[in-house]
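Participant: Next comes the structure file upload17.cif, holding mmCIF, C-alpha atoms.
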data_start
#
loop_
_atom_site.group_PDB
_atom_site.id
_atom_site.type_symbol
_atom_site.label_atom_id
_atom_site.label_comp_id
_atom_site.auth_asym_id
_atom_site.auth_seq_id
_atom_site.Cartn_x
_atom_site.Cartn_y
_atom_site.Cartn_z
ATOM 1 C CA MET M 1 34.534 4.151 -72.628
ATOM 2 C CA VAL M 2 32.620 3.833 -75.892
ATOM 3 C CA PHE M 3 28.918 3.082 -75.426
ATOM 4 C CA LEU M 4 27.310 1.086 -78.233
ATOM 5 C CA ARG M 5 23.841 2.017 -79.400
ATOM 6 C CA ALA M 6 21.207 -0.630 -80.020
ATOM 7 C CA ARG M 7 19.786 -1.027 -83.501
ATOM 8 C CA HIS M 8 16.058 -1.444 -84.069
ATOM 9 C CA ASP M 9 16.431 -5.229 -83.840
ATOM 10 C CA GLY M 10 17.988 -4.900 -80.377
ATOM 11 C CA THR M 11 21.532 -5.802 -81.409
ATOM 12 C CA THR M 12 24.640 -3.647 -81.185
ATOM 13 C CA PRO M 13 26.241 -2.218 -84.358
ATOM 14 C CA HIS M 14 28.475 -5.302 -84.423
ATOM 15 C CA GLY M 15 25.403 -7.531 -84.703
ATOM 16 C CA THR M 16 25.712 -9.169 -81.288
ATOM 17 C CA ALA M 17 22.841 -9.227 -78.816
ATOM 18 C CA PRO M 18 23.288 -7.261 -75.563
ATOM 19 C CA LEU M 19 25.322 -9.073 -72.904
ATOM 20 C CA GLY M 20 26.055 -11.786 -75.469
ATOM 21 C CA CYS M 21 22.712 -13.376 -74.562
ATOM 22 C CA ASP M 22 20.101 -15.128 -76.661
ATOM 23 C CA PRO M 23 17.577 -12.465 -77.801
ATOM 24 C CA THR M 24 14.743 -14.717 -76.621
ATOM 25 C CA ASP M 25 16.184 -14.694 -73.096
ATOM 26 C CA LEU M 26 16.477 -10.911 -73.213
ATOM 27 C CA MET M 27 12.855 -10.596 -74.317
ATOM 28 C CA GLN M 28 11.667 -12.767 -71.429
ATOM 29 C CA VAL M 29 13.545 -10.642 -68.907
ATOM 30 C CA GLU M 30 12.257 -7.421 -70.444
ATOM 31 C CA ALA M 31 8.728 -8.861 -70.246
ATOM 32 C CA VAL M 32 9.025 -9.015 -66.437
ATOM 33 C CA VAL M 33 9.825 -5.298 -66.413
ATOM 34 C CA THR M 34 6.981 -4.484 -68.798
ATOM 35 C CA ALA M 35 4.448 -6.575 -66.850
ATOM 36 C CA SER M 36 5.236 -4.655 -63.660
ATOM 37 C CA GLY M 37 3.598 -1.556 -65.126
ATOM 38 C CA THR M 38 6.441 0.631 -63.882
ATOM 39 C CA SER M 39 8.136 3.442 -65.765
ATOM 40 C CA PHE M 40 11.483 1.835 -64.924
ATOM 41 C CA GLY M 41 11.928 0.344 -68.385
ATOM 42 C CA LYS M 42 11.515 3.705 -70.109
ATOM 43 C CA GLY M 43 13.862 5.320 -67.622
ATOM 44 C CA MET M 44 16.590 2.860 -68.506
ATOM 45 C CA GLN M 45 16.388 3.770 -72.197
ATOM 46 C CA ILE M 46 19.176 6.291 -71.611
ATOM 47 C CA LEU M 47 21.582 3.381 -71.058
ATOM 48 C CA PRO M 48 23.438 1.527 -73.834
ATOM 49 C CA PRO M 49 22.179 -2.009 -74.582
ATOM 50 C CA ASP M 50 24.456 -4.094 -72.329
ATOM 51 C CA ARG M 51 23.787 -1.873 -69.342
ATOM 52 C CA ARG M 52 20.086 -1.482 -70.087
ATOM 53 C CA TYR M 53 19.453 -5.224 -70.208
ATOM 54 C CA GLY M 54 21.693 -5.708 -67.194
ATOM 55 C CA MET M 55 19.424 -3.343 -65.270
ATOM 56 C CA TYR M 56 16.360 -5.170 -66.576
ATOM 57 C CA ALA M 57 17.817 -8.370 -65.114
ATOM 58 C CA VAL M 58 18.530 -6.737 -61.749
ATOM 59 C CA TYR M 59 15.032 -5.257 -61.713
ATOM 60 C CA ALA M 60 13.435 -8.601 -62.609
ATOM 61 C CA PHE M 61 15.298 -10.256 -59.727
ATOM 62 C CA CYS M 62 14.141 -7.552 -57.307
ATOM 63 C CA ARG M 63 10.568 -7.671 -58.602
ATOM 64 C CA LEU M 64 10.295 -11.441 -58.213
ATOM 65 C CA VAL M 65 11.744 -11.619 -54.693
ATOM 66 C CA ASP M 66 9.558 -8.672 -53.667
ATOM 67 C CA ASP M 67 6.528 -10.570 -54.972
ATOM 68 C CA VAL M 68 7.440 -13.441 -52.653
ATOM 69 C CA ALA M 69 7.471 -11.114 -49.632
ATOM 70 C CA ASP M 70 4.139 -9.537 -50.616
ATOM 71 C CA ASP M 71 2.329 -12.769 -51.475
ATOM 72 C CA GLU M 72 -0.408 -13.991 -49.195
ATOM 73 C CA GLY M 73 0.491 -17.134 -47.335
ATOM 74 C CA GLU M 74 2.368 -18.427 -44.348
ATOM 75 C CA ALA M 75 5.596 -16.748 -43.308
ATOM 76 C CA ARG M 76 7.437 -20.069 -43.254
ATOM 77 C CA ASP M 77 6.476 -20.819 -46.843
ATOM 78 C CA LYS M 78 7.600 -17.385 -48.014
ATOM 79 C CA CYS M 79 10.900 -17.686 -46.160
ATOM 80 C CA ASP M 80 11.469 -21.098 -47.756
ATOM 81 C CA ARG M 81 10.906 -19.543 -51.185
ATOM 82 C CA LEU M 82 13.393 -16.793 -50.375
ATOM 83 C CA ASP M 83 15.894 -19.441 -49.256
ATOM 84 C CA ALA M 84 15.405 -20.991 -52.687
ATOM 85 C CA TRP M 85 16.371 -17.637 -54.202
ATOM 86 C CA ARG M 86 19.549 -17.558 -52.098
ATOM 87 C CA ALA M 87 20.411 -21.009 -53.405
ATOM 88 C CA ARG M 88 19.631 -19.861 -56.951
ATOM 89 C CA ILE M 89 21.989 -16.886 -56.608
ATOM 90 C CA ALA M 90 24.671 -19.194 -55.179
ATOM 91 C CA ARG M 91 24.312 -21.444 -58.234
ATOM 92 C CA LEU M 92 24.794 -18.439 -60.510
ATOM 93 C CA TYR M 93 28.073 -17.633 -58.783
ATOM 94 C CA ALA M 94 29.058 -21.255 -59.323
ATOM 95 C CA GLY M 95 28.359 -20.769 -63.031
ATOM 96 C CA GLN M 96 25.018 -22.607 -63.253
ATOM 97 C CA ALA M 97 22.116 -20.976 -65.106
ATOM 98 C CA ASP M 98 18.825 -22.822 -65.603
ATOM 99 C CA ASP M 99 16.434 -20.391 -67.299
ATOM 100 C CA ALA M 100 16.265 -17.099 -69.192
ATOM 101 C CA LEU M 101 16.568 -14.836 -66.145
ATOM 102 C CA ASP M 102 19.450 -16.942 -64.798
ATOM 103 C CA ARG M 103 21.331 -16.684 -68.068
ATOM 104 C CA VAL M 104 20.902 -12.918 -68.378
ATOM 105 C CA LEU M 105 21.738 -12.397 -64.695
ATOM 106 C CA LEU M 106 24.857 -14.538 -65.024
ATOM 107 C CA SER M 107 26.040 -12.507 -68.001
ATOM 108 C CA THR M 108 25.304 -9.302 -66.067
ATOM 109 C CA ILE M 109 27.198 -10.535 -62.993
ATOM 110 C CA ARG M 110 30.231 -11.445 -65.080
ATOM 111 C CA MET M 111 30.265 -8.332 -67.251
ATOM 112 C CA PHE M 112 29.823 -5.806 -64.437
ATOM 113 C CA GLY M 113 31.346 -7.578 -61.432
ATOM 114 C CA LEU M 114 28.188 -7.691 -59.313
ATOM 115 C CA ARG M 115 28.670 -8.989 -55.772
ATOM 116 C CA GLN M 116 26.801 -11.959 -54.356
ATOM 117 C CA GLU M 117 26.509 -10.251 -50.971
ATOM 118 C CA ASP M 118 24.403 -7.482 -52.498
ATOM 119 C CA PHE M 119 21.925 -9.937 -54.028
ATOM 120 C CA ASN M 120 21.710 -11.704 -50.672
ATOM 121 C CA ALA M 121 21.151 -8.409 -48.854
ATOM 122 C CA VAL M 122 18.129 -7.706 -51.061
ATOM 123 C CA ILE M 123 16.729 -11.147 -50.242
ATOM 124 C CA ASP M 124 17.382 -10.535 -46.527
ATOM 125 C CA GLY M 125 15.372 -7.314 -46.769
ATOM 126 C CA MET M 126 12.466 -9.107 -48.377
ATOM 127 C CA GLU M 127 12.631 -11.708 -45.618
ATOM 128 C CA MET M 128 12.139 -8.961 -43.037
ATOM 129 C CA ASP M 129 8.751 -8.286 -44.665
ATOM 130 C CA ALA M 130 8.002 -11.962 -45.272
ATOM 131 C CA ARG M 131 8.353 -12.936 -41.615
ATOM 132 C CA GLY M 132 5.426 -10.729 -40.705
ATOM 133 C CA PRO M 133 4.386 -7.094 -40.955
ATOM 134 C CA ILE M 134 7.082 -4.684 -39.826
ATOM 135 C CA VAL M 135 5.495 -2.451 -37.192
ATOM 136 C CA ALA M 136 7.352 0.472 -35.592
ATOM 137 C CA PRO M 137 10.900 -0.936 -35.804
ATOM 138 C CA ASP M 138 13.688 0.567 -33.729
ATOM 139 C CA GLU M 139 16.037 2.991 -35.462
ATOM 140 C CA ALA M 140 18.733 0.381 -36.133
ATOM 141 C CA THR M 141 16.235 -1.982 -37.745
ATOM 142 C CA PHE M 142 14.727 0.855 -39.770
ATOM 143 C CA ASP M 143 18.159 1.738 -41.189
ATOM 144 C CA LEU M 144 19.024 -1.916 -41.829
ATOM 145 C CA TYR M 145 15.771 -2.382 -43.729
ATOM 146 C CA CYS M 146 16.480 0.688 -45.882
ATOM 147 C CA ASP M 147 19.979 -0.626 -46.606
ATOM 148 C CA ARG M 148 18.770 -4.053 -47.648
ATOM 149 C CA VAL M 149 15.780 -3.164 -49.800
ATOM 150 C CA ALA M 150 17.177 0.013 -51.361
ATOM 151 C CA SER M 151 20.882 0.704 -50.879
ATOM 152 C CA ALA M 152 21.807 -2.898 -51.756
ATOM 153 C CA VAL M 153 19.867 -2.489 -55.006
ATOM 154 C CA GLY M 154 21.861 0.681 -55.528
ATOM 155 C CA ARG M 155 25.149 -1.152 -55.024
ATOM 156 C CA LEU M 156 24.153 -3.559 -57.788
ATOM 157 C CA SER M 157 22.904 -0.743 -60.006
ATOM 158 C CA VAL M 158 25.907 1.586 -59.898
ATOM 159 C CA ARG M 159 28.096 -1.227 -61.184
ATOM 160 C CA VAL M 160 25.777 -1.832 -64.091
ATOM 161 C CA PHE M 161 25.664 1.933 -64.710
ATOM 162 C CA GLY M 162 29.447 1.858 -65.082
ATOM 163 C CA ASP M 163 31.093 2.864 -61.800
ATOM 164 C CA ALA M 164 32.330 0.338 -59.218
ATOM 165 C CA SER M 165 34.295 2.832 -57.127
ATOM 166 C CA ALA M 166 34.016 3.433 -53.398
ATOM 167 C CA GLU M 167 32.366 6.776 -54.184
ATOM 168 C CA ALA M 168 29.733 4.977 -56.256
ATOM 169 C CA ASP M 169 28.987 2.772 -53.246
ATOM 170 C CA LYS M 170 28.506 5.974 -51.240
ATOM 171 C CA VAL M 171 25.986 7.099 -53.842
ATOM 172 C CA ALA M 172 24.161 3.799 -53.395
ATOM 173 C CA HIS M 173 24.271 4.100 -49.600
ATOM 174 C CA HIS M 174 22.809 7.596 -49.453
ATOM 175 C CA LEU M 175 20.539 7.599 -52.485
ATOM 176 C CA GLY M 176 19.044 4.243 -51.543
ATOM 177 C CA ARG M 177 18.136 5.513 -48.099
ATOM 178 C CA ALA M 178 16.779 8.772 -49.499
ATOM 179 C CA LEU M 179 14.547 6.946 -51.990
ATOM 180 C CA GLN M 180 13.315 4.435 -49.434
ATOM 181 C CA ILE M 181 12.488 7.061 -46.807
ATOM 182 C CA THR M 182 10.620 9.021 -49.489
ATOM 183 C CA ASN M 183 8.613 5.927 -50.415
ATOM 184 C CA ILE M 184 7.863 5.123 -46.790
ATOM 185 C CA MET M 185 6.696 8.667 -46.040
ATOM 186 C CA ARG M 186 4.512 8.719 -49.155
ATOM 187 C CA ASP M 187 2.930 5.334 -48.437
ATOM 188 C CA VAL M 188 2.108 5.512 -44.713
ATOM 189 C CA ALA M 189 -1.629 5.033 -45.286
ATOM 190 C CA GLU M 190 -1.195 2.375 -47.965
ATOM 191 C CA ASP M 191 1.182 0.393 -45.748
ATOM 192 C CA ALA M 192 -1.193 0.721 -42.779
ATOM 193 C CA ARG M 193 -3.959 -0.976 -44.753
ATOM 194 C CA ILE M 194 -1.831 -4.130 -44.904
ATOM 195 C CA GLY M 195 -0.739 -3.871 -41.284
ATOM 196 C CA ARG M 196 2.687 -2.294 -41.813
ATOM 197 C CA LEU M 197 4.246 0.707 -40.082
ATOM 198 C CA TYR M 198 7.853 1.313 -41.078
ATOM 199 C CA LEU M 199 8.360 4.496 -39.030
ATOM 200 C CA PRO M 200 10.900 4.219 -36.186
ATOM 201 C CA ALA M 201 9.409 3.595 -32.752
ATOM 202 C CA GLU M 202 11.665 6.146 -31.074
ATOM 203 C CA LEU M 203 10.370 8.966 -33.275
ATOM 204 C CA LEU M 204 6.767 7.874 -32.941
ATOM 205 C CA SER M 205 6.996 7.783 -29.160
ATOM 206 C CA ARG M 206 8.714 11.176 -29.068
ATOM 207 C CA PHE M 207 5.627 12.756 -30.666
ATOM 208 C CA ASP M 208 3.012 10.590 -28.900
ATOM 209 C CA VAL M 209 2.134 8.698 -32.075
ATOM 210 C CA PRO M 210 0.631 5.241 -31.379
ATOM 211 C CA LEU M 211 2.861 2.315 -32.356
ATOM 212 C CA THR M 212 0.093 0.764 -34.456
ATOM 213 C CA PRO M 213 -0.481 1.221 -38.186
ATOM 214 C CA GLN M 214 -3.982 2.675 -38.064
ATOM 215 C CA GLY M 215 -3.348 4.596 -34.864
ATOM 216 C CA ALA M 216 -0.333 6.317 -36.382
ATOM 217 C CA CYS M 217 -2.305 7.429 -39.433
ATOM 218 C CA HIS M 218 -4.701 9.500 -37.333
ATOM 219 C CA ALA M 219 -2.225 10.933 -34.823
ATOM 220 C CA ALA M 220 -1.550 14.667 -34.673
ATOM 221 C CA GLY M 221 2.154 14.025 -34.108
ATOM 222 C CA LEU M 222 2.583 12.157 -37.395
ATOM 223 C CA ASP M 223 3.234 15.414 -39.246
ATOM 224 C CA ALA M 224 6.234 16.169 -37.015
ATOM 225 C CA VAL M 225 7.572 12.636 -37.535
ATOM 226 C CA GLY M 226 7.191 13.048 -41.277
ATOM 227 C CA ARG M 227 9.089 16.324 -41.323
ATOM 228 C CA ILE M 228 12.000 14.915 -39.324
ATOM 229 C CA LEU M 229 12.297 11.889 -41.616
ATOM 230 C CA ALA M 230 11.983 14.131 -44.673
ATOM 231 C CA GLY M 231 14.907 16.151 -43.321
ATOM 232 C CA ARG M 232 16.940 12.969 -43.043
ATOM 233 C CA ALA M 233 16.065 12.055 -46.604
ATOM 234 C CA HIS M 234 17.160 15.490 -47.855
ATOM 235 C CA ASP M 235 20.469 15.003 -46.027
ATOM 236 C CA HIS M 236 20.922 11.700 -47.856
ATOM 237 C CA PHE M 237 20.029 13.313 -51.204
ATOM 238 C CA ARG M 238 22.722 15.966 -50.612
ATOM 239 C CA ALA M 239 25.316 13.365 -49.578
ATOM 240 C CA ALA M 240 24.490 11.260 -52.645
ATOM 241 C CA ASP M 241 24.831 14.309 -54.894
ATOM 242 C CA ALA M 242 28.220 15.139 -53.393
ATOM 243 C CA ALA M 243 29.436 11.576 -53.970
ATOM 244 C CA MET M 244 28.120 11.603 -57.551
ATOM 245 C CA ARG M 245 30.348 14.580 -58.310
ATOM 246 C CA ARG M 246 33.362 12.356 -57.567
ATOM 247 C CA CYS M 247 32.095 9.530 -59.794
ATOM 248 C CA ASN M 248 32.043 8.808 -63.508
ATOM 249 C CA ARG M 249 29.685 11.522 -64.726
ATOM 250 C CA ARG M 250 28.135 9.524 -67.554
ATOM 251 C CA ALA M 251 27.629 6.456 -65.361
ATOM 252 C CA MET M 252 25.724 8.512 -62.785
ATOM 253 C CA ARG M 253 23.100 9.796 -65.230
ATOM 254 C CA PRO M 254 20.354 7.367 -64.121
ATOM 255 C CA ALA M 255 21.166 8.027 -60.460
ATOM 256 C CA ARG M 256 20.910 11.788 -61.010
ATOM 257 C CA VAL M 257 17.507 11.393 -62.641
ATOM 258 C CA MET M 258 16.193 9.149 -59.866
ATOM 259 C CA GLY M 259 17.543 11.460 -57.196
ATOM 260 C CA ALA M 260 16.023 14.576 -58.731
ATOM 261 C CA THR M 261 12.651 12.888 -59.289
ATOM 262 C CA TYR M 262 12.345 11.514 -55.773
ATOM 263 C CA ALA M 263 13.580 14.743 -54.197
ATOM 264 C CA ALA M 264 10.733 16.516 -55.998
ATOM 265 C CA ILE M 265 8.252 13.928 -54.732
ATOM 266 C CA LEU M 266 9.519 14.404 -51.192
ATOM 267 C CA SER M 267 9.226 18.189 -51.450
ATOM 268 C CA ALA M 268 5.661 17.820 -52.743
ATOM 269 C CA GLN M 269 4.852 15.542 -49.807
ATOM 270 C CA GLU M 270 6.312 18.083 -47.389
ATOM 271 C CA ARG M 271 4.081 20.790 -48.854
ATOM 272 C CA HIS M 272 1.065 18.511 -48.433
ATOM 273 C CA GLY M 273 2.122 17.365 -44.973
ATOM 274 C CA TRP M 274 1.030 14.250 -43.075
ATOM 275 C CA ARG M 275 -2.167 15.457 -41.436
ATOM 276 C CA ASP M 276 -4.367 14.183 -44.258
ATOM 277 C CA LEU M 277 -3.266 10.867 -45.775
ATOM 278 C CA SER M 278 -6.235 10.460 -48.113
ATOM 279 C CA HIS M 279 -4.223 11.758 -51.079
ATOM 280 C CA ARG M 280 -1.076 10.033 -52.339
ATOM 281 C CA VAL M 281 1.396 12.574 -53.681
ATOM 282 C CA SER M 282 2.631 12.060 -57.236
ATOM 283 C CA LEU M 283 4.193 14.016 -60.095
ATOM 284 C CA SER M 284 2.657 14.554 -63.520
ATOM 285 C CA ARG M 285 4.394 13.006 -66.503
ATOM 286 C CA PRO M 286 5.406 16.416 -67.951
ATOM 287 C CA ARG M 287 6.880 17.348 -64.576
ATOM 288 C CA LYS M 288 8.879 14.099 -64.458
ATOM 289 C CA LEU M 289 10.188 14.671 -67.978
ATOM 290 C CA LEU M 290 11.261 18.206 -67.112
ATOM 291 C CA ILE M 291 13.043 17.023 -63.959
ATOM 292 C CA ALA M 292 14.814 14.274 -65.923
ATOM 293 C CA ALA M 293 15.919 16.689 -68.635
ATOM 294 C CA ARG M 294 17.323 19.118 -66.096
ATOM 295 C CA ALA M 295 19.126 16.327 -64.227
ATOM 296 C CA LEU M 296 20.735 15.052 -67.417
ATOM 297 C CA VAL M 297 22.150 18.431 -68.405
ATOM 298 C CA ALA M 298 23.042 19.655 -64.918
#
Will you turn the file into structure tokens for me?
Facilitator:
Amino acid sequence: MVFLRARHDGTTPHGTAPLGCDPTDLMQVEAVVTASGTSFGKGMQILPPDRRYGMYAVYAFCRLVDDVADDEGEARDKCDRLDAWRARIARLYAGQADDALDRVLLSTIRMFGLRQEDFNAVIDGMEMDARGPIVAPDEATFDLYCDRVASAVGRLSVRVFGDASAEADKVAHHLGRALQITNIMRDVAEDARIGRLYLPAELLSRFDVPLTPQGACHAAGLDAVGRILAGRAHDHFRAADAAMRRCNRRAMRPARVMGATYAAILSAQERHGWRDLSHRVSLSRPRKLLIAARALVA
């Protein structure tokens, strides 16, 4: 497959805007990514224009539905707003687009064959948060949550990256869970401040950790829980890496970078442990750049 490079004006060498969309629509979608303050936009610069703006559209969708779940307000109101998103996605699959994000999403769906069920799974995951704080879910619910808020995003992403194979879906399955577990284990204290505790009840009980957000943060057994979940995440990273080796190599470049970066974060968290949650583990920008460079040439 030949990947077209964007010119300085954002068009391809043939003079057409990415995804065949109006440049103004593309700018509005990119603005959602920029406003989030995340490094996601820069990370997607390795993709050619159609795929890059397709990922911006997927990210903007995820960002906006996540904002609904995190907004203050009544659970019923938030669930109604998420239902409106389900209806909006259904309209896209019926060919109706009403604003800039709709139009770019519709072009992305058509160009890369994105599945409606994956968009709906992301919304379902946000609804789990919207209905009230998740506190010590059982193992099945924990895994379902990880699938909806992370692996479903992965299933959308691998198609935009350029691989719609069954092996690419395996990458999404395992890498999504690995990334989400890493985030959960890094953000235990931050989640507790807003009344959330995503750690599985069975593991917490096994190590005499209270099934309450603040109680868990100060429990001696939390370190053991963290190390078991970190082991699971490493297993998922390895399974994702194995699946990537059976996929389109070029298409998996962003996945390799994300996997390597988050695996390094998880290893740093393991070195720090979970006895003192006052410090949130992070990587320096030079370290991230080095990890990305190594992942791209591996």
Participant: Would you mind telling me which residue in M:Cys217, M:Gly195, M:Asp163, M:Ala69 lies nearest to M:Met244 when using all atoms listed in the file?
Facilitator: M:Asp163
Participant: In Å to one decimal, how far is atom CA of M:Tyr59 from atom CA of M:Ser151?
Facilitator: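 These two atoms are separated by 13.7 Å.
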Participant: Tell me, as a list in words, which residues lie within 10 Å of M:Ala219, counting all atoms listed in the file; anything in the same chain fewer than 2 positions away does not count.
Facilitator: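 Contacts, with the query itself left out: Leu204, Phe207, Asp208, Val209, Pro210, Gln214, Gly215, Ala216, Cys217, Gly221, Leu222, Asp223, Trp274 and Arg275 of chain M.
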Participant: Which residue is closest to M:Arg88? Choose from M:Ala189, M:Leu105, M:Val153, M:Ala230 and count all atoms listed in the file.
Facilitator: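 Smallest separation from M:Arg88 among the options: M:Leu105.
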Participant: Check the smallest atom-to-atom distance from each of M:Asp235, M:Glu202, M:Glu117, M:Asp241 to M:Ala168 using all atoms listed in the file, then report the winner.
Facilitator: M:Asp241
Participant: Report the distance between atom CA of M:His174 and atom CA of M:Tyr145 in Å, rounded to one decimal place.
Facilitator: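 We find that atom CA of M:His174 and atom CA of M:Tyr145 lie 13.5 Å from each other.
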Participant: Given the choices M:Val188, M:Ala136, M:Gly226, M:Thr212, which gets closest to M:Pro200 if the distance is worked out from all atoms listed in the file?
Facilitator: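 Under the stated criterion, the closest residue is M:Ala136.
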Participant: Evaluated on this file, the PyMOL selection byres ((chain M and resi 106) around 8) picks out some residues - which ones are they, written as a PyMOL selection string?
Facilitator: chain M and resi 92-93+95+97+102-105+107-110
Participant: Keeping only C-alpha atoms, write those residues as an mmCIF file, keeping the file's coordinate frame.
Facilitator:
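Full text of selection_36.cif as output:
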data_model
loop_
_atom_site.group_PDB
_atom_site.id
_atom_site.type_symbol
_atom_site.label_atom_id
_atom_site.label_comp_id
_atom_site.auth_asym_id
_atom_site.auth_seq_id
_atom_site.Cartn_x
_atom_site.Cartn_y
_atom_site.Cartn_z
ATOM 1 C CA LEU M 92 24.794 -18.439 -60.510
ATOM 2 C CA TYR M 93 28.073 -17.633 -58.783
ATOM 3 C CA GLY M 95 28.359 -20.769 -63.031
ATOM 4 C CA ALA M 97 22.116 -20.976 -65.106
ATOM 5 C CA ASP M 102 19.450 -16.942 -64.798
ATOM 6 C CA ARG M 103 21.331 -16.684 -68.068
ATOM 7 C CA VAL M 104 20.902 -12.918 -68.378
ATOM 8 C CA LEU M 105 21.738 -12.397 -64.695
ATOM 9 C CA SER M 107 26.040 -12.507 -68.001
ATOM 10 C CA THR M 108 25.304 -9.302 -66.067
ATOM 11 C CA ILE M 109 27.198 -10.535 -62.993
ATOM 12 C CA ARG M 110 30.231 -11.445 -65.080
#
